[in-house]
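Peer 1: Next up, run_22.txt (compact mmCIF, C-alpha atoms and all ligand atoms).
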```txt
# COMPACT_ATOMS: atom_id res chain seq x y z
CA MET W 48 15.66 -2.36 -13.78
CA GLN W 49 11.88 -2.06 -13.49
CA ASP W 50 10.37 1.34 -12.85
CA LYS W 51 9.50 1.37 -9.16
CA ARG W 52 8.96 5.08 -8.66
CA VAL W 53 5.46 4.89 -7.15
CA SER W 54 3.76 2.33 -4.95
CA LEU W 55 0.50 1.81 -3.08
CA ALA W 56 1.24 1.20 0.61
CA PRO W 57 0.24 -2.05 2.30
CA MET W 58 -2.88 -1.41 4.42
CA MET W 59 -4.75 -4.02 6.44
CA ASP W 60 -8.40 -4.32 5.37
CA TRP W 61 -7.83 -1.71 2.67
CA THR W 62 -5.39 -3.05 0.08
CA THR W 63 -7.44 -6.17 -0.45
CA PRO W 64 -7.47 -7.83 -3.90
CA GLU W 65 -10.62 -5.83 -4.71
CA PHE W 66 -9.05 -2.47 -3.97
CA ARG W 67 -5.88 -3.48 -5.79
CA PHE W 68 -7.93 -4.34 -8.89
CA PHE W 69 -9.63 -0.94 -8.65
CA ALA W 70 -6.29 0.84 -8.12
CA ARG W 71 -4.83 -0.77 -11.20
CA LEU W 72 -7.55 0.83 -13.32
CA PHE W 73 -6.16 4.26 -12.46
CA ASN W 74 -2.52 3.58 -13.19
CA ARG W 75 -0.79 0.60 -14.78
CA HIS W 76 2.67 1.42 -13.38
CA ILE W 77 2.16 1.71 -9.63
CA TRP W 78 3.47 -1.19 -7.52
CA LEU W 79 0.58 -2.57 -5.51
CA TYR W 80 1.25 -3.91 -2.00
CA SER W 81 -0.99 -6.45 -0.31
CA GLU W 82 -2.20 -6.15 3.24
CA MET W 83 0.28 -7.59 5.70
CA VAL W 84 -0.15 -11.34 6.02
CA SER W 85 1.45 -13.09 8.97
CA THR W 86 3.55 -16.16 8.37
CA SER W 87 1.34 -18.26 10.61
CA ALA W 88 -1.73 -17.29 8.58
CA ILE W 89 -0.01 -18.36 5.37
CA LEU W 90 1.41 -21.57 6.78
CA HIS W 91 -1.69 -22.66 8.69
CA GLY W 92 -4.60 -20.66 7.28
CA ASP W 93 -6.58 -20.35 4.06
CA ARG W 94 -3.51 -19.78 1.88
CA GLU W 95 -5.37 -19.64 -1.40
CA ARG W 96 -7.57 -16.80 -0.22
CA LEU W 97 -4.70 -14.92 1.46
CA LEU W 98 -2.48 -15.06 -1.61
CA LYS W 99 -5.19 -14.30 -4.15
CA LEU W 100 -3.72 -12.32 -7.02
CA ASP W 101 -5.44 -11.18 -10.19
CA PRO W 102 -3.17 -11.16 -13.28
CA SER W 103 -4.01 -7.47 -13.79
CA GLU W 104 -2.38 -6.58 -10.48
CA HIS W 105 1.24 -6.89 -11.60
CA PRO W 106 3.56 -5.50 -10.45
CA ALA W 107 2.37 -6.70 -7.07
CA VAL W 108 4.13 -7.15 -3.73
CA LEU W 109 3.20 -9.48 -0.90
CA GLN W 110 3.91 -8.03 2.53
CA LEU W 111 4.76 -10.54 5.23
CA GLY W 112 4.81 -10.20 8.99
CA GLY W 113 6.93 -12.54 11.06
CA SER W 114 10.19 -13.03 12.87
CA ASP W 115 10.98 -16.70 12.40
CA PRO W 116 13.52 -17.21 9.59
CA ALA W 117 12.29 -20.66 8.51
CA GLN W 118 8.64 -19.61 8.52
CA LEU W 119 9.37 -16.42 6.61
CA ALA W 120 11.38 -18.40 4.07
CA GLN W 121 8.50 -20.82 3.56
CA ALA W 122 5.89 -18.05 3.38
CA SER W 123 8.06 -16.24 0.82
CA ARG W 124 8.16 -19.39 -1.32
CA PHE W 125 4.37 -19.54 -1.26
CA GLY W 126 4.23 -15.87 -2.22
CA GLU W 127 6.55 -16.42 -5.15
CA GLN W 128 4.56 -19.45 -6.30
CA ALA W 129 1.35 -17.42 -6.10
CA GLY W 130 2.86 -15.04 -8.65
CA PHE W 131 3.87 -11.99 -6.61
CA ASP W 132 6.71 -9.93 -8.07
CA GLU W 133 8.40 -9.10 -4.76
CA ILE W 134 8.14 -9.95 -1.08
CA ASN W 135 8.28 -7.23 1.55
CA LEU W 136 8.97 -7.65 5.27
CA ASN W 137 6.99 -5.48 7.68
CA VAL W 138 9.27 -3.71 10.15
CA GLY W 139 6.95 -0.74 10.61
CA CYS W 140 3.67 -1.84 12.12
CA PRO W 141 3.32 -0.63 15.74
CA SER W 142 0.27 -2.65 16.81
CA ASP W 143 0.37 -4.35 20.23
CA ARG W 144 -0.97 -7.49 18.69
CA VAL W 145 1.99 -7.83 16.34
CA GLN W 146 4.59 -6.70 18.90
CA HIS W 147 3.46 -9.53 21.09
CA ASN W 148 4.48 -11.87 18.28
CA ARG W 149 7.69 -9.94 17.55
CA ILE W 150 6.34 -8.66 14.24
CA GLY W 151 6.56 -5.17 12.82
CA ALA W 152 8.22 -2.02 14.14
CA CYS W 153 9.61 -3.65 17.30
CA LEU W 154 12.09 -5.45 15.02
CA MET W 155 13.85 -2.13 14.43
CA ALA W 156 15.55 -2.77 17.78
CA GLU W 157 17.04 -5.98 16.35
CA PRO W 158 18.76 -5.13 13.07
CA GLU W 159 20.88 -8.31 13.22
CA LEU W 160 17.70 -10.40 13.39
CA VAL W 161 16.18 -8.46 10.48
CA ALA W 162 19.36 -9.15 8.49
CA GLU W 163 18.98 -12.85 9.30
CA LEU W 164 15.31 -12.79 8.26
CA TYR W 165 16.23 -11.07 5.02
CA LEU W 166 18.88 -13.71 4.28
CA ALA W 167 16.47 -16.56 5.00
CA MET W 168 13.78 -15.08 2.76
CA GLN W 169 16.04 -14.04 -0.10
CA GLY W 170 17.81 -17.40 0.06
CA ALA W 171 14.49 -19.16 -0.51
CA ILE W 172 13.26 -17.27 -3.58
CA ASP W 173 14.39 -15.65 -6.81
CA ILE W 174 12.23 -12.52 -6.65
CA PRO W 175 13.54 -9.55 -4.60
CA VAL W 176 12.92 -9.13 -0.89
CA THR W 177 12.51 -5.58 0.43
CA ILE W 178 12.06 -4.03 3.88
CA LYS W 179 9.47 -1.46 5.00
CA HIS W 180 10.39 0.23 8.26
CA ARG W 181 10.16 3.37 10.36
CA ILE W 182 12.80 6.05 10.92
CA GLY W 183 12.91 4.93 14.54
CA ILE W 184 11.09 3.59 17.57
CA ASP W 185 10.94 4.39 21.29
CA ASP W 186 14.48 5.10 22.49
CA LEU W 187 16.03 4.52 19.05
CA GLN W 188 15.05 7.84 17.54
CA SER W 189 18.26 9.31 16.23
CA TYR W 190 19.38 9.37 12.62
CA GLU W 191 22.43 7.33 13.67
CA ASP W 192 20.15 4.53 14.93
CA LEU W 193 18.32 4.56 11.60
CA ALA W 194 21.55 4.51 9.59
CA ARG W 195 22.86 1.63 11.71
CA PHE W 196 19.71 -0.37 11.00
CA VAL W 197 19.99 0.19 7.25
CA GLN W 198 23.75 -0.47 7.29
CA ILE W 199 23.35 -3.85 8.97
CA VAL W 200 20.40 -5.00 6.86
CA SER W 201 21.98 -3.80 3.61
CA GLU W 202 25.19 -5.69 4.44
CA ALA W 203 23.04 -8.84 4.30
CA GLY W 204 22.19 -7.86 0.72
CA CYS W 205 18.93 -5.94 0.95
CA GLN W 206 18.87 -3.13 -1.57
CA HIS W 207 15.40 -1.64 -1.33
CA PHE W 208 14.21 0.14 1.82
CA ILE W 209 10.80 1.79 2.19
CA VAL W 210 11.07 4.30 4.97
CA HIS W 211 7.98 5.57 6.78
CA ALA W 212 9.31 8.96 7.86
CA ARG W 213 7.87 8.86 11.39
CA ILE W 214 9.08 7.16 14.52
CA ALA W 215 6.67 4.70 16.12
CA LEU W 216 6.08 4.88 19.87
CA LEU W 217 5.28 1.32 20.77
CA ASP W 218 4.06 2.03 24.26
CA GLY W 219 1.23 4.49 24.59
CA LEU W 220 0.16 5.35 21.06
CA SER W 221 -2.39 3.38 19.03
CA PRO W 222 -1.48 2.32 15.47
CA LYS W 223 -3.67 5.15 14.18
CA GLN W 224 -1.94 7.72 16.40
CA ASN W 225 1.39 6.31 15.28
CA ARG W 226 0.44 7.35 11.75
CA GLU W 227 -0.50 10.86 12.82
CA VAL W 228 1.14 12.06 16.03
CA PRO W 229 4.92 11.68 15.67
CA PRO W 230 6.11 14.40 13.29
CA LEU W 231 7.26 13.55 9.79
CA ARG W 232 11.04 13.76 9.38
CA TYR W 233 11.59 13.66 5.65
CA ASP W 234 15.12 15.04 6.09
CA ASP W 235 16.20 11.77 7.72
CA VAL W 236 15.15 9.87 4.61
CA TYR W 237 16.96 12.31 2.33
CA ARG W 238 20.08 11.96 4.47
CA LEU W 239 19.80 8.19 4.25
CA LYS W 240 19.82 8.40 0.47
CA ALA W 241 22.86 10.70 0.59
CA ASP W 242 24.70 8.27 2.89
CA PHE W 243 23.65 5.13 0.98
CA PRO W 244 23.45 6.31 -2.64
CA GLU W 245 23.68 2.75 -3.98
CA LEU W 246 20.48 1.66 -2.21
CA PHE W 247 16.92 2.11 -3.51
CA ILE W 248 15.37 4.43 -0.93
CA GLU W 249 11.61 4.93 -1.10
CA ILE W 250 9.85 7.46 1.11
CA ASN W 251 6.48 7.00 2.80
CA GLY W 252 4.23 9.02 5.11
CA GLY W 253 1.87 11.96 4.65
CA ILE W 254 2.31 12.35 0.89
CA ASN W 255 -1.08 13.36 -0.47
CA GLN W 256 -0.53 15.57 -3.48
CA PHE W 257 0.87 15.19 -6.94
CA GLU W 258 3.38 18.02 -6.50
CA ALA W 259 4.70 16.58 -3.23
CA ALA W 260 5.22 13.17 -4.83
CA LYS W 261 7.03 14.75 -7.76
CA GLU W 262 9.25 16.79 -5.48
CA HIS W 263 10.30 13.71 -3.47
CA LEU W 264 11.10 11.88 -6.67
CA GLU W 265 13.65 14.53 -7.55
CA HIS W 266 15.71 13.45 -4.52
CA LEU W 267 14.74 9.84 -3.84
CA ASP W 268 14.15 6.63 -5.79
CA GLY W 269 10.50 6.07 -4.97
CA VAL W 270 7.39 7.29 -3.16
CA MET W 271 4.89 5.06 -1.40
CA ILE W 272 1.42 6.46 -0.77
CA GLY W 273 -1.27 4.91 1.42
CA ARG W 274 -4.24 6.84 2.73
CA ALA W 275 -4.32 9.46 -0.02
CA PHE W 276 -4.48 6.79 -2.73
CA TYR W 277 -7.28 5.04 -0.89
CA HIS W 278 -9.40 8.11 -0.21
CA GLN W 279 -8.60 10.01 -3.43
CA PRO W 280 -7.72 7.35 -5.97
CA GLU W 281 -7.67 9.98 -8.68
CA LEU W 282 -4.19 10.85 -7.38
CA MET W 283 -3.01 7.52 -8.79
CA GLY W 284 -4.46 8.63 -12.11
CA GLN W 285 -2.81 12.05 -11.95
CA LEU W 286 0.55 10.35 -11.47
CA CYS W 287 0.14 8.74 -14.92
CA THR W 288 1.69 11.94 -16.25
CA LEU W 289 5.03 10.71 -14.84
CA TRP W 290 4.86 8.13 -17.61
CA GLY W 291 3.53 10.59 -20.19
CA GLU W 292 0.03 9.12 -20.00
CA PRO W 293 -3.30 10.92 -19.51
CA THR W 294 -5.22 10.73 -16.24
CA PRO W 295 -8.14 8.32 -16.70
CA LYS W 296 -11.60 9.77 -16.05
CA ALA W 297 -13.68 8.37 -13.19
CA SER W 298 -16.29 7.31 -15.76
CA GLU W 299 -13.66 5.26 -17.65
CA VAL W 300 -12.54 3.57 -14.45
CA LEU W 301 -16.12 2.73 -13.64
CA GLU W 302 -16.77 1.21 -17.07
CA ALA W 303 -13.74 -1.05 -16.58
CA LEU W 304 -14.94 -1.97 -13.10
CA TYR W 305 -18.40 -3.21 -14.13
CA PRO W 306 -17.21 -6.47 -15.73
CA TYR W 307 -15.23 -7.19 -12.55
CA LEU W 308 -18.32 -6.59 -10.41
CA ASP W 309 -20.38 -8.75 -12.70
CA SER W 310 -17.90 -11.59 -12.48
CA TRP W 311 -17.67 -11.05 -8.70
CA GLN W 312 -21.40 -11.63 -8.40
CA LYS W 313 -21.24 -14.78 -10.51
CA THR W 314 -18.24 -16.34 -8.79
CA THR W 315 -18.49 -15.45 -5.09
CA SER W 316 -21.17 -15.59 -2.44
CA VAL W 317 -19.96 -12.35 -0.82
CA PRO W 318 -22.47 -9.55 -1.49
CA LEU W 319 -21.32 -6.64 -3.64
CA ALA W 320 -22.25 -4.33 -0.78
CA VAL W 321 -19.28 -5.69 1.17
CA ILE W 322 -16.67 -4.60 -1.37
CA CYS W 323 -18.26 -1.28 -2.35
CA ARG W 324 -16.45 0.47 0.53
CA HIS W 325 -13.28 0.28 -1.59
CA PHE W 326 -14.82 2.40 -4.33
CA LEU W 327 -16.16 5.24 -2.20
CA GLY W 328 -13.29 7.56 -3.17
CA LEU W 329 -13.96 7.28 -6.90
CA PHE W 330 -15.44 10.77 -7.24
CA ALA W 331 -13.55 12.42 -4.36
CA GLY W 332 -13.37 16.15 -4.88
CA GLN W 333 -16.11 16.19 -7.52
CA PRO W 334 -19.61 17.60 -6.99
CA GLY W 335 -21.89 14.74 -5.98
CA SER W 336 -19.16 12.65 -4.35
CA ARG W 337 -20.93 12.78 -1.00
CA LYS W 338 -24.12 11.35 -2.46
CA TRP W 339 -22.10 8.62 -4.18
CA ARG W 340 -20.57 7.65 -0.84
CA GLN W 341 -23.97 7.70 0.85
CA ASP W 342 -25.58 5.61 -1.88
CA LEU W 343 -22.92 2.93 -1.57
CA SER W 344 -22.49 2.85 2.22
CA GLY W 345 -24.30 1.01 4.96
CA LYS W 346 -26.38 -1.19 2.65
CA LYS W 347 -26.87 -4.94 3.03
CA GLN W 348 -27.58 -5.45 -0.66
CA ILE W 349 -26.38 -3.47 -3.66
CA THR W 350 -26.85 -4.41 -7.30
CA ILE W 351 -24.85 -3.25 -10.29
CA ASP W 352 -27.92 -1.25 -11.36
CA ASP W 353 -27.83 0.55 -8.00
CA ILE W 354 -24.18 1.41 -8.61
CA ARG W 355 -24.99 2.64 -12.13
CA ALA W 356 -27.78 4.81 -10.78
CA ALA W 357 -25.53 6.26 -8.06
CA ALA W 358 -22.81 6.97 -10.63
CA ASP W 359 -25.24 8.55 -13.09
CA HIS W 360 -26.19 11.02 -10.45
CA VAL W 361 -22.58 12.24 -10.22
CA LEU W 362 -21.67 11.92 -13.88
CA LEU W 363 -24.71 13.82 -15.11
CA ASN W 364 -23.55 16.68 -12.94
CA GLU W 365 -19.94 16.63 -14.21
CA PRO W 366 -19.06 20.07 -15.59
CA SER W 367 -18.31 18.64 -19.04
CA ASN W 368 -21.78 17.05 -19.18
CA VAL W 369 -23.68 20.20 -18.29
CA SER W 370 -24.47 22.45 -21.23
CA SER W 371 -23.15 25.99 -21.17
CA ASN W 372 -26.52 27.59 -20.52
CA GLY W 373 -26.72 25.52 -17.38
CA ALA W 374 -29.61 23.39 -18.64
C1 LIG C 401 -5.83 1.20 7.55
C2 LIG C 401 -4.33 1.08 7.50
C3 LIG C 401 -3.73 -0.16 7.58
C4 LIG C 401 -2.34 -0.30 7.50
N1 LIG C 401 -1.78 -1.55 7.46
C5 LIG C 401 -0.44 -1.69 7.24
C6 LIG C 401 0.14 -2.96 7.00
O1 LIG C 401 -0.54 -3.99 6.95
N2 LIG C 401 1.49 -3.02 6.80
C7 LIG C 401 2.27 -1.88 6.82
O2 LIG C 401 3.50 -1.98 6.62
N3 LIG C 401 1.74 -0.68 7.02
C8 LIG C 401 0.40 -0.55 7.21
N4 LIG C 401 -0.14 0.69 7.32
C9 LIG C 401 0.73 1.88 7.20
C10 LIG C 401 0.83 2.32 5.75
O3 LIG C 401 1.42 1.34 4.94
C11 LIG C 401 1.67 3.61 5.64
O4 LIG C 401 2.96 3.35 6.10
C12 LIG C 401 1.07 4.75 6.47
O5 LIG C 401 -0.32 4.86 6.29
C13 LIG C 401 1.75 6.09 6.10
O6 LIG C 401 1.56 6.39 4.74
P1 LIG C 401 0.41 7.42 4.21
O7 LIG C 401 0.58 8.68 5.03
O8 LIG C 401 0.70 7.62 2.77
O9 LIG C 401 -0.91 6.78 4.50
C14 LIG C 401 -1.52 0.85 7.39
C15 LIG C 401 -2.12 2.11 7.32
C16 LIG C 401 -3.52 2.23 7.36
C17 LIG C 401 -4.16 3.61 7.25
```
Translate this file's structure into structure tokens.
Ligand SMILES: Cc1cc2nc3c(=O)[nH]c(=O)nc-3n(C[C@H](O)[C@H](O)[C@H](O)COP(=O)(O)O)c2cc1C
Peer 2:
Amino acid sequence: MQDKRVSLAPMMDWTTPEFRFFARLFNRHIWLYSEMVSTSAILHGDRERLLKLDPSEHPAVLQLGGSDPAQLAQASRFGEQAGFDEINLNVGCPSDRVQHNRIGACLMAEPELVAELYLAMQGAIDIPVTIKHRIGIDDLQSYEDLARFVQIVSEAGCQHFIVHARIALLDGLSPKQNREVPPLRYDDVYRLKADFPELFIEINGGINQFEAAKEHLEHLDGVMIGRAFYHQPELMGQLCTLWGEPTPKASEVLEALYPYLDSWQKTTSVPLAVICRHFLGLFAGQPGSRKWRQDLSGKKQITIDDIRAAADHVLLNEPSNVSSNGA
């Protein structure tokens, strides 16, 4: 069994191939999830771009959004062919746009349909299919409702559930509020693991520190982290200690990023300035991080030399680079 203890959450506009490449430089073990891609986008859109996967990204998971069994099966096949290691079904997104298409968290009200979707997807491919969901929605907020959902979907064969430990209120709260307002109920996820010990239960929501991740891992099979990994990517590096490896320094990550940026410039017409937003968290928590963010934000054009100059400003101020007499 592969080590799936830690994963980067799927985040639209954030876990793009560029951020996933960057994330991989901090930690070679974390499972990296794509943004959600709808089945219709894969079947009718620019599939090559949507399923872009760099070999360094493995282990990598494609998250799909949809509710049509045949379309999900076909999209899963494309994901497998593109080289992803797993396919995940989104049953957690509360956006109006996706509800309208019966995608995301609204599917929690239809566990039998989710079981059918799982069967269609898993029947089409050899790599595992997993489900990411909420602890509840709207009037299905009790632990019993959650357990019923997992019971029905696991009876179809699904073994890996990623549980965002917040309910989603589909009427009235925005997607952002649905990640902040409903309280976290970690106990429900712990209880789920106690009631379904044979399943792989991964917890998600509000985990933003090394100690918290470690604590969850003492009770559960995995932790998924989203915003904290994006804004403070060093946390991915700190978690290397789970595998007995040192935390890479920001300067080392940057050195490994330069060849990627260089190749980006040579092979795409998209300006570097567009992807720099993914690297703003590189020095989070270090003196100079604000200036780094300012230097990389809001520009139309940025060169690699500009990035080097911005980084030098921070690195020259790193405590280890300042001599003891403060010179
Ligand atoms: C900008 C953004 C986009 C997101 N997009 C998705 C998505 O495409 N699919 C999904 O399942 N969850 C999505 N989420 C939810 C995250 O995967 C995760 O469940 C949520 O942020 C809670 O985890 P965290 O507290 O560690 O960030 C998104 C979250 C953010 C902040």
Peer 1: Find the smallest box with edges along x, y and z containing every listed atom of ligand LIG 401 (chain C), then add 4 Å on each side and report centre and edge lengths in Å to one decimal, as AutoDock Vina command-line options.
Peer 2:
```
--center_x -1.2 --center_y 2.3 --center_z 5.2 --size_x 17.3 --size_y 20.7 --size_z 12.8
```
Peer 1: Closest to ligand LIG 401 (chain C) among W:Leu329, W:Leu72, W:Ile77, W:Met83, using all atoms listed in the file?
Peer 2: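 Nearest to ligand LIG 401 (chain C): W:Met83.
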Peer 1: Give me the residues near Phe66 of chain W as a PyMOL selection string, where near means some atom within 9 Å (using all atoms listed in the file) and where sequence neighbours in that chain fewer than 6 positions away do not count.
Peer 2: chain W and resi 277+322+325-326
Peer 1: Neighbours of ligand LIG 401 (chain C) at 9 Å or closer, counting only C-alpha atoms and all ligand atoms: which residues, as JSON, numbers by chain?
Peer 2: {"W": [55, 56, 57, 58, 59, 60, 61, 62, 80, 81, 82, 83, 84, 110, 111, 112, 135, 136, 137, 138, 139, 140, 141, 151, 152, 179, 180, 181, 209, 210, 211, 212, 213, 222, 223, 225, 226, 227, 251, 252, 253, 254, 255, 270, 271, 272, 273, 274, 275, 276, 277]}
Peer 1: How many Å lie between atom CA of Asp234 of chain W and atom CA of Met155 of chain W, rounded to one decimal?
Peer 2: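 Computing it gives 19.1 Å between the two atoms.
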Peer 1: With all atoms listed in the file as the basis for distance, which of W:Val228, W:Ala156, W:Leu301, W:Leu286 is at the shortest distance from Ser54 of chain W?
Peer 2: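 Of W:Val228, W:Ala156, W:Leu301, W:Leu286, the one nearest Ser54 of chain W, counting all atoms listed in the file, is W:Leu286.
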